[in-house]
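Trainee: Let me begin by handing over the structure; questions about it come next.
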Amino acid sequence: MARVSNKVALVTGGAKGIGEACALLLAKEGAKVVVSDLDIAAGEKVVKAIKAAGGEAIFIQQDVTDEASWPTAIAATVERFGALHVLVNNAGIAIPGSAVDATLADWRKTMAVNLDAVFLGTKYAIPVMTGKNGSIINIASIEGIVADPNLAAYNASKGGVRIFTKSAALHCGKNGLKVRVNSVHPGYIWTPMVEDFLKSIGDVAEGRAGLDSLHPIGHVGDVMDVAYGVLYLASDESKFVTGSELVIDGGYTAQ
Amino acid sequence: MSNPFRLDGKVALVSGGARGIGAAVAEALAASGAAVLVTDVLDAVGEATVARIRAAGGKAEYFHHDVTVEAQWEQAVAAAVAKLGGLHVLVNNAGIETAALITQCEVDDFKRVMEVNVTGVFLGMKHALRVMKPGASVINLSSVAGIIGTTAHVAYHASKGAVRLMTKAAAIECAALGTGIRVNSIHPGVVDTQMGTNFVQDFVKLGLAPDYAAAEAAIKGLHPMGFGEPSDVANAVIYLASDATKWMNGSELVIDGGLTAQ
């Protein structure tokens, strides 16, 4: 039985990593999916894979930091699939840097992608989802709950996503909009973003072993661990869940 | 790829499974393919829950079980293994509350709540973890009361806060020992059950609200999306019981319609 049949989902950063896994799983479980990303080739590849598996999907090239891109992306979604029920604000970047070393340019770039875009997506999706059991899922991080000395901007942006999510959830809940807003907080997941991050600070294999050891379960997560959480929050099975933080981290923040 | 949310071949034990959230959890686990040992002290109600599961085509057994008695935990776990073939999912759901202002709370009432809600969960983990194998999942029912405070429920808050952190301690210990067993907690807001109704009535009894309607309106007003339903919790238990959450350990799943977000 498909868990999100008759729903339409938009996944930002849907071309790679966690976003790709979310797009594929939501489509497999019956949703019509809009894959949004800057990377046209990788995004089209995800759409092709969804269609090959018998699902429905389109690709939209979108710079999520550009406010004008949001009404356009949502209009294209509604035009093609008739509605929007699920928004996965997944697009994100990580630039290493401590509170002293981080440049203002890196800080602003991080905030633009990780926080401005989540605000914009939520702002433009809620009116379209109102009354339709909508679900907005903001991909934050354990780095929005605990900090890392070398992730100053990333920490700030993900902490922002965490509490912005609760504000939006309360707005929707208290006004009876029938839209839920939740955040997901993965530990380190093996994705191109994490691999690139490790490359930028040293040896990848050594870095991975170091990350594995941070998680009590003994290893980093895989993209499906997050995708299943997104599926739970996207489906009506979580209809009483709003303003919550779904932590999927192999025990990282429990210690 | 098989559906990771299915629980075919797994055996689950649900304490306090006779009614309310526990019954909804037991029925949902069975509907997802698990064989379920429903345990409770309410034998007739528990047997009726088992009968409903069987009528729906599911597999279930009933076991009389006072969660505060260690020997009965040993027997319950042994019964799951002997009658149903193992133990893969433990739902520590049995719980009670007592309503009283701190200055009026009888120590025996306080201790009774701690005994059922805290010692019961500890004993369940102690004996289930002895037989569980990699891939097993322990799900402890805490509450939003384990995160925030309210008036006139000091024992309940103390107990549910303890469940919240016992869960994390168990999760870290299980991981450190390489058991492959996960331990997580669920934190519902007020759910429409007999216990939810009692919770509202207590406010009237204690003179904190003039009547039931006023108490209900006040408590509902704290929940941006109203009260929850037992199925809301049951759906979360299925998620945590399943292999879809193989990397979730020590997490708190809050299901409260936004209550604690504010």
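Here, A, B, ... name the chains of the structure tokens in the order displayed, residue numbers run from 1 inside each chain, and ligands are numbered from 1 in the same displayed order.
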Using only C-alpha atoms, tabulate the residues of chain A lying at most 7 Å from any atom of chain B, each with its closest atom pair and that distance in Å to one decimal, by chain and increasing residue number, as JSON lines.
Mentor:
```
{"residue": "A:Lys166", "atom": "CA", "partner": "B:Ala261", "partner_atom": "CA", "distance": 5.4}
{"residue": "A:Ala169", "atom": "CA", "partner": "B:Gly258", "partner_atom": "CA", "distance": 6.7}
{"residue": "A:Leu170", "atom": "CA", "partner": "B:Gly258", "partner_atom": "CA", "distance": 6.3}
{"residue": "A:Gly173", "atom": "CA", "partner": "B:Pro224", "partner_atom": "CA", "distance": 4.8}
{"residue": "A:Lys174", "atom": "CA", "partner": "B:Pro224", "partner_atom": "CA", "distance": 4.9}
{"residue": "A:Pro216", "atom": "CA", "partner": "B:Ala175", "partner_atom": "CA", "distance": 5.4}
{"residue": "A:Ile217", "atom": "CA", "partner": "B:Ala175", "partner_atom": "CA", "distance": 5.0}
{"residue": "A:Gly221", "atom": "CA", "partner": "B:Trp247", "partner_atom": "CA", "distance": 6.5}
{"residue": "A:Asp225", "atom": "CA", "partner": "B:Trp247", "partner_atom": "CA", "distance": 6.3}
{"residue": "A:Tyr228", "atom": "CA", "partner": "B:Ala244", "partner_atom": "CA", "distance": 5.9}
{"residue": "A:Glu237", "atom": "CA", "partner": "B:Asn235", "partner_atom": "CA", "distance": 5.8}
{"residue": "A:Ser238", "atom": "CA", "partner": "B:Asp232", "partner_atom": "CA", "distance": 6.4}
{"residue": "A:Lys239", "atom": "CA", "partner": "B:Asp232", "partner_atom": "CA", "distance": 7.0}
{"residue": "A:Phe240", "atom": "CA", "partner": "B:Gly257", "partner_atom": "CA", "distance": 4.8}
{"residue": "A:Val241", "atom": "CA", "partner": "B:Ile255", "partner_atom": "CA", "distance": 4.7}
{"residue": "A:Thr242", "atom": "CA", "partner": "B:Gly258", "partner_atom": "CA", "distance": 5.0}
{"residue": "A:Gly243", "atom": "CA", "partner": "B:Gly258", "partner_atom": "CA", "distance": 5.0}
{"residue": "A:Ser244", "atom": "CA", "partner": "B:Val254", "partner_atom": "CA", "distance": 5.9}
{"residue": "A:Leu246", "atom": "CA", "partner": "B:Leu253", "partner_atom": "CA", "distance": 6.3}
{"residue": "A:Val247", "atom": "CA", "partner": "B:Ser251", "partner_atom": "CA", "distance": 5.9}
{"residue": "A:Ile248", "atom": "CA", "partner": "B:Met248", "partner_atom": "CA", "distance": 4.9}
{"residue": "A:Asp249", "atom": "CA", "partner": "B:Met248", "partner_atom": "CA", "distance": 5.9}
{"residue": "A:Gly250", "atom": "CA", "partner": "B:Trp247", "partner_atom": "CA", "distance": 4.8}
{"residue": "A:Gly251", "atom": "CA", "partner": "B:Asn249", "partner_atom": "CA", "distance": 4.8}
{"residue": "A:Ala254", "atom": "CA", "partner": "B:Gly250", "partner_atom": "CA", "distance": 5.3}
{"residue": "A:Gln255", "atom": "CA", "partner": "B:Ile172", "partner_atom": "CA", "distance": 6.5}
```
Trainee: DSSP says alpha helix (DSSP H) for which residues of segment 36-239 of chain A? Put them as a PDB file with C-alpha atoms, in the first residue's frame?
Mentor:
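Okay, selection.pdb is ready:
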```pdb
ATOM      1  CA  ILE A  40      20.030  20.181 -14.303  1.00  0.00           C
ATOM      2  CA  ALA A  41      21.792  16.985 -15.413  1.00  0.00           C
ATOM      3  CA  ALA A  42      21.663  15.298 -11.996  1.00  0.00           C
ATOM      4  CA  GLY A  43      18.088  16.462 -11.412  1.00  0.00           C
ATOM      5  CA  GLU A  44      16.870  15.139 -14.768  1.00  0.00           C
ATOM      6  CA  LYS A  45      18.545  11.837 -13.941  1.00  0.00           C
ATOM      7  CA  VAL A  46      16.453  11.517 -10.764  1.00  0.00           C
ATOM      8  CA  VAL A  47      13.272  12.307 -12.732  1.00  0.00           C
ATOM      9  CA  LYS A  48      14.227   9.675 -15.277  1.00  0.00           C
ATOM     10  CA  ALA A  49      14.750   7.088 -12.525  1.00  0.00           C
ATOM     11  CA  ILE A  50      11.342   7.891 -11.009  1.00  0.00           C
ATOM     12  CA  LYS A  51       9.639   7.548 -14.388  1.00  0.00           C
ATOM     13  CA  ALA A  52      11.485   4.320 -15.154  1.00  0.00           C
ATOM     14  CA  SER A  69      12.001  31.385  -7.911  1.00  0.00           C
ATOM     15  CA  TRP A  70       9.463  30.228  -5.309  1.00  0.00           C
ATOM     16  CA  PRO A  71       6.164  31.471  -6.785  1.00  0.00           C
ATOM     17  CA  THR A  72       7.448  30.191 -10.134  1.00  0.00           C
ATOM     18  CA  ALA A  73       8.343  26.722  -8.802  1.00  0.00           C
ATOM     19  CA  ILE A  74       5.072  26.369  -6.900  1.00  0.00           C
ATOM     20  CA  ALA A  75       3.027  27.582  -9.871  1.00  0.00           C
ATOM     21  CA  ALA A  76       4.772  25.070 -12.117  1.00  0.00           C
ATOM     22  CA  THR A  77       4.041  22.316  -9.591  1.00  0.00           C
ATOM     23  CA  VAL A  78       0.356  23.194  -9.358  1.00  0.00           C
ATOM     24  CA  GLU A  79       0.087  23.575 -13.126  1.00  0.00           C
ATOM     25  CA  ARG A  80       1.592  20.152 -13.780  1.00  0.00           C
ATOM     26  CA  PHE A  81       0.136  18.133 -10.879  1.00  0.00           C
ATOM     27  CA  LEU A 104      31.196  37.136   6.293  1.00  0.00           C
ATOM     28  CA  ALA A 105      30.733  36.034   2.678  1.00  0.00           C
ATOM     29  CA  ASP A 106      30.664  32.346   3.701  1.00  0.00           C
ATOM     30  CA  TRP A 107      28.322  33.164   6.582  1.00  0.00           C
ATOM     31  CA  ARG A 108      25.898  34.977   4.288  1.00  0.00           C
ATOM     32  CA  LYS A 109      26.042  32.270   1.632  1.00  0.00           C
ATOM     33  CA  THR A 110      25.289  29.611   4.255  1.00  0.00           C
ATOM     34  CA  MET A 111      22.393  31.601   5.666  1.00  0.00           C
ATOM     35  CA  ALA A 117      15.435  29.409   1.406  1.00  0.00           C
ATOM     36  CA  VAL A 118      13.628  27.452   4.131  1.00  0.00           C
ATOM     37  CA  PHE A 119      11.796  30.639   5.105  1.00  0.00           C
ATOM     38  CA  LEU A 120      10.910  31.399   1.490  1.00  0.00           C
ATOM     39  CA  GLY A 121       9.745  27.878   0.705  1.00  0.00           C
ATOM     40  CA  THR A 122       7.578  27.794   3.827  1.00  0.00           C
ATOM     41  CA  LYS A 123       6.230  31.298   3.190  1.00  0.00           C
ATOM     42  CA  TYR A 124       5.089  30.490  -0.334  1.00  0.00           C
ATOM     43  CA  ALA A 125       3.979  26.887   0.252  1.00  0.00           C
ATOM     44  CA  ILE A 126       1.625  27.462   3.208  1.00  0.00           C
ATOM     45  CA  PRO A 127      -1.004  29.459   1.276  1.00  0.00           C
ATOM     46  CA  VAL A 128      -1.128  26.803  -1.446  1.00  0.00           C
ATOM     47  CA  MET A 129      -1.326  23.928   1.076  1.00  0.00           C
ATOM     48  CA  ALA A 152      29.877  28.262  13.062  1.00  0.00           C
ATOM     49  CA  ALA A 153      27.726  29.363  10.132  1.00  0.00           C
ATOM     50  CA  TYR A 154      26.213  25.923   9.558  1.00  0.00           C
ATOM     51  CA  ASN A 155      25.306  25.643  13.253  1.00  0.00           C
ATOM     52  CA  ALA A 156      23.656  29.051  13.210  1.00  0.00           C
ATOM     53  CA  SER A 157      21.699  28.289  10.058  1.00  0.00           C
ATOM     54  CA  LYS A 158      20.438  24.887  11.231  1.00  0.00           C
ATOM     55  CA  GLY A 159      19.561  26.225  14.679  1.00  0.00           C
ATOM     56  CA  GLY A 160      17.585  28.859  12.824  1.00  0.00           C
ATOM     57  CA  VAL A 161      15.748  26.197  10.826  1.00  0.00           C
ATOM     58  CA  ARG A 162      14.890  24.353  14.035  1.00  0.00           C
ATOM     59  CA  ILE A 163      13.122  27.233  15.737  1.00  0.00           C
ATOM     60  CA  PHE A 164      11.719  28.801  12.559  1.00  0.00           C
ATOM     61  CA  THR A 165      10.001  25.454  11.978  1.00  0.00           C
ATOM     62  CA  LYS A 166       8.255  25.691  15.346  1.00  0.00           C
ATOM     63  CA  SER A 167       7.102  29.254  14.657  1.00  0.00           C
ATOM     64  CA  ALA A 168       5.609  28.227  11.317  1.00  0.00           C
ATOM     65  CA  ALA A 169       4.005  25.133  12.897  1.00  0.00           C
ATOM     66  CA  LEU A 170       2.309  27.276  15.547  1.00  0.00           C
ATOM     67  CA  HIS A 171       1.105  29.758  12.940  1.00  0.00           C
ATOM     68  CA  CYS A 172      -0.490  26.951  10.942  1.00  0.00           C
ATOM     69  CA  GLY A 173      -1.847  25.061  13.966  1.00  0.00           C
ATOM     70  CA  LYS A 174      -3.348  28.022  15.774  1.00  0.00           C
ATOM     71  CA  PRO A 192      28.219  14.070  -1.619  1.00  0.00           C
ATOM     72  CA  MET A 193      27.919  17.096   0.710  1.00  0.00           C
ATOM     73  CA  VAL A 194      29.638  15.292   3.593  1.00  0.00           C
ATOM     74  CA  GLU A 195      32.235  13.765   1.291  1.00  0.00           C
ATOM     75  CA  ASP A 196      33.064  17.184  -0.183  1.00  0.00           C
ATOM     76  CA  PHE A 197      33.209  18.631   3.323  1.00  0.00           C
ATOM     77  CA  LEU A 198      35.723  15.973   4.402  1.00  0.00           C
ATOM     78  CA  LYS A 199      37.761  16.578   1.246  1.00  0.00           C
ATOM     79  CA  SER A 200      37.903  20.276   2.065  1.00  0.00           C
ATOM     80  CA  ILE A 201      39.430  19.605   5.482  1.00  0.00           C
ATOM     81  CA  VAL A 204      38.258  11.423   3.197  1.00  0.00           C
ATOM     82  CA  ALA A 205      38.784   7.864   4.547  1.00  0.00           C
ATOM     83  CA  GLU A 206      40.295   9.166   7.745  1.00  0.00           C
ATOM     84  CA  GLY A 207      37.516  11.707   8.010  1.00  0.00           C
ATOM     85  CA  ARG A 208      34.855   9.050   7.569  1.00  0.00           C
ATOM     86  CA  ALA A 209      36.316   6.881  10.305  1.00  0.00           C
ATOM     87  CA  GLY A 210      36.322   9.932  12.551  1.00  0.00           C
ATOM     88  CA  LEU A 211      32.668  10.636  11.760  1.00  0.00           C
ATOM     89  CA  ASP A 212      31.714   6.969  12.292  1.00  0.00           C
ATOM     90  CA  SER A 213      33.170   7.110  15.784  1.00  0.00           C
ATOM     91  CA  LEU A 214      31.051  10.147  16.711  1.00  0.00           C
ATOM     92  CA  VAL A 223      20.276   8.500   2.964  1.00  0.00           C
ATOM     93  CA  MET A 224      17.386   6.059   3.393  1.00  0.00           C
ATOM     94  CA  ASP A 225      17.464   6.550   7.163  1.00  0.00           C
ATOM     95  CA  VAL A 226      16.457  10.160   6.540  1.00  0.00           C
ATOM     96  CA  ALA A 227      14.151   9.427   3.599  1.00  0.00           C
ATOM     97  CA  TYR A 228      11.992   7.107   5.731  1.00  0.00           C
ATOM     98  CA  GLY A 229      11.638   9.842   8.352  1.00  0.00           C
ATOM     99  CA  VAL A 230      10.586  12.287   5.650  1.00  0.00           C
ATOM    100  CA  LEU A 231       8.060   9.740   4.370  1.00  0.00           C
ATOM    101  CA  TYR A 232       6.576   9.369   7.866  1.00  0.00           C
ATOM    102  CA  LEU A 233       6.241  13.143   8.221  1.00  0.00           C
ATOM    103  CA  ALA A 234       4.867  13.543   4.681  1.00  0.00           C
TER     104      ALA A 234
END
```
Trainee: Ranking B:Val89, B:Ala30, B:Val131, B:Val11 by minimum distance to Ala241 of chain B and counting only C-alpha atoms, which one comes first?
Mentor: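 Smallest distance to Ala241 of chain B is found for B:Val89.
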Trainee: In Å to one decimal, how far is atom CA of Leu26 of chain A from atom CA of Ser242 of chain B?
Mentor: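 Interatomic distance, atom CA of Ser242 of chain B to atom CA of Leu26 of chain A: 17.7 Å.
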Trainee: Using backbone DSSP assignments, extract all strand (DSSP E or B) residues from segment 140-220 of chain B; output them as a list in words.
Mentor: Asn140, Leu141, His153, Arg182, Val183, Asn184, Ser185, Ile186, His187, Pro188 and Val191 of chain B
Trainee: Counting only C-alpha atoms, figure out which residue out of B:Val154, B:Ala31, B:Thr68, B:Ile186 gets nearest to Glu106 of chain B.
Mentor: B:Val154
Trainee: Nearest to Val146 of chain A: which of A:Thr103, A:Thr253, A:Ser36, A:Asn89 is it, counting only C-alpha atoms?
Mentor: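 Among the listed residues, A:Thr253 lies closest to Val146 of chain A.
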Trainee: List the spatial neighbours of Leu151 of chain A as a ChimeraX atom specification - criterion: any atom at most 9 Å away, only C-alpha atoms, same-chain residues fewer than 2 positions off excluded.
Mentor: /A:94-99,102,143,147-149,153-156
Trainee: Work out how far atom CA of Ala218 of chain B is from atom CA of Asn117 of chain B, in Å to one decimal.
Mentor: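 Between atom CA of Asn117 of chain B and atom CA of Ala218 of chain B the gap is 26.1 Å.
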Trainee: Select, from B:Thr119, B:Thr98, B:Thr103, B:Thr39, the residue with the minimum atom-to-atom distance to Val69 of chain B, counting only C-alpha atoms.
Mentor: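 Looking only at the distances to Val69 of chain B, the closest residue turns out to be B:Thr119.
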Trainee: Which residues, written as a PyMOL selection string, have at least one atom at most 10 Å from Glu61 of chain B, with only C-alpha atoms counted and residues fewer than 6 positions away on the same chain left out?
Mentor: chain B and resi 13+35-39+46-47+49-51+53-54+79-80+83-84
Trainee: Output N, CA and C atoms of each residue in that selection to a file, as a compact mmCIF listing (two decimals), in the first residue's frame.
Mentor:
```
# COMPACT_ATOMS: atom_id res chain seq x y z
N LEU B 13 5.86 -7.10 22.35
CA LEU B 13 5.20 -7.13 23.66
C LEU B 13 4.74 -5.70 23.97
N ALA B 35 3.40 -10.51 15.53
CA ALA B 35 2.65 -11.27 16.52
C ALA B 35 2.80 -10.51 17.83
N VAL B 36 1.68 -10.33 18.56
CA VAL B 36 1.71 -9.40 19.70
C VAL B 36 1.32 -10.09 21.01
N LEU B 37 2.13 -9.89 22.02
CA LEU B 37 1.76 -10.29 23.38
C LEU B 37 1.21 -9.05 24.07
N VAL B 38 -0.10 -9.09 24.31
CA VAL B 38 -0.77 -7.98 25.00
C VAL B 38 -0.70 -8.28 26.48
N THR B 39 -0.07 -7.39 27.25
CA THR B 39 -0.01 -7.63 28.69
C THR B 39 -0.69 -6.49 29.43
N GLY B 46 -8.14 -6.95 28.28
CA GLY B 46 -6.99 -7.41 27.49
C GLY B 46 -7.36 -8.57 26.58
N GLU B 47 -8.14 -9.51 27.11
CA GLU B 47 -8.59 -10.65 26.29
C GLU B 47 -9.45 -10.15 25.13
N THR B 49 -9.17 -7.26 23.63
CA THR B 49 -8.26 -6.66 22.63
C THR B 49 -7.63 -7.75 21.77
N VAL B 50 -7.22 -8.84 22.42
CA VAL B 50 -6.65 -9.98 21.68
C VAL B 50 -7.69 -10.55 20.72
N ALA B 51 -8.93 -10.66 21.19
CA ALA B 51 -9.99 -11.20 20.34
C ALA B 51 -10.20 -10.31 19.11
N ILE B 53 -7.95 -8.42 17.67
CA ILE B 53 -6.79 -8.61 16.79
C ILE B 53 -6.96 -9.90 15.99
N ARG B 54 -7.38 -10.96 16.67
CA ARG B 54 -7.56 -12.25 15.97
C ARG B 54 -8.68 -12.16 14.96
N ALA B 79 7.07 -15.84 28.00
CA ALA B 79 5.85 -16.19 27.28
C ALA B 79 5.92 -15.74 25.82
N ALA B 80 6.48 -14.54 25.60
CA ALA B 80 6.62 -14.05 24.22
C ALA B 80 7.49 -15.00 23.42
N LYS B 83 5.53 -18.68 23.31
CA LYS B 83 4.26 -18.75 22.57
C LYS B 83 4.35 -18.15 21.18
N LEU B 84 5.20 -17.13 21.02
CA LEU B 84 5.20 -16.39 19.74
C LEU B 84 6.54 -16.46 19.02
```
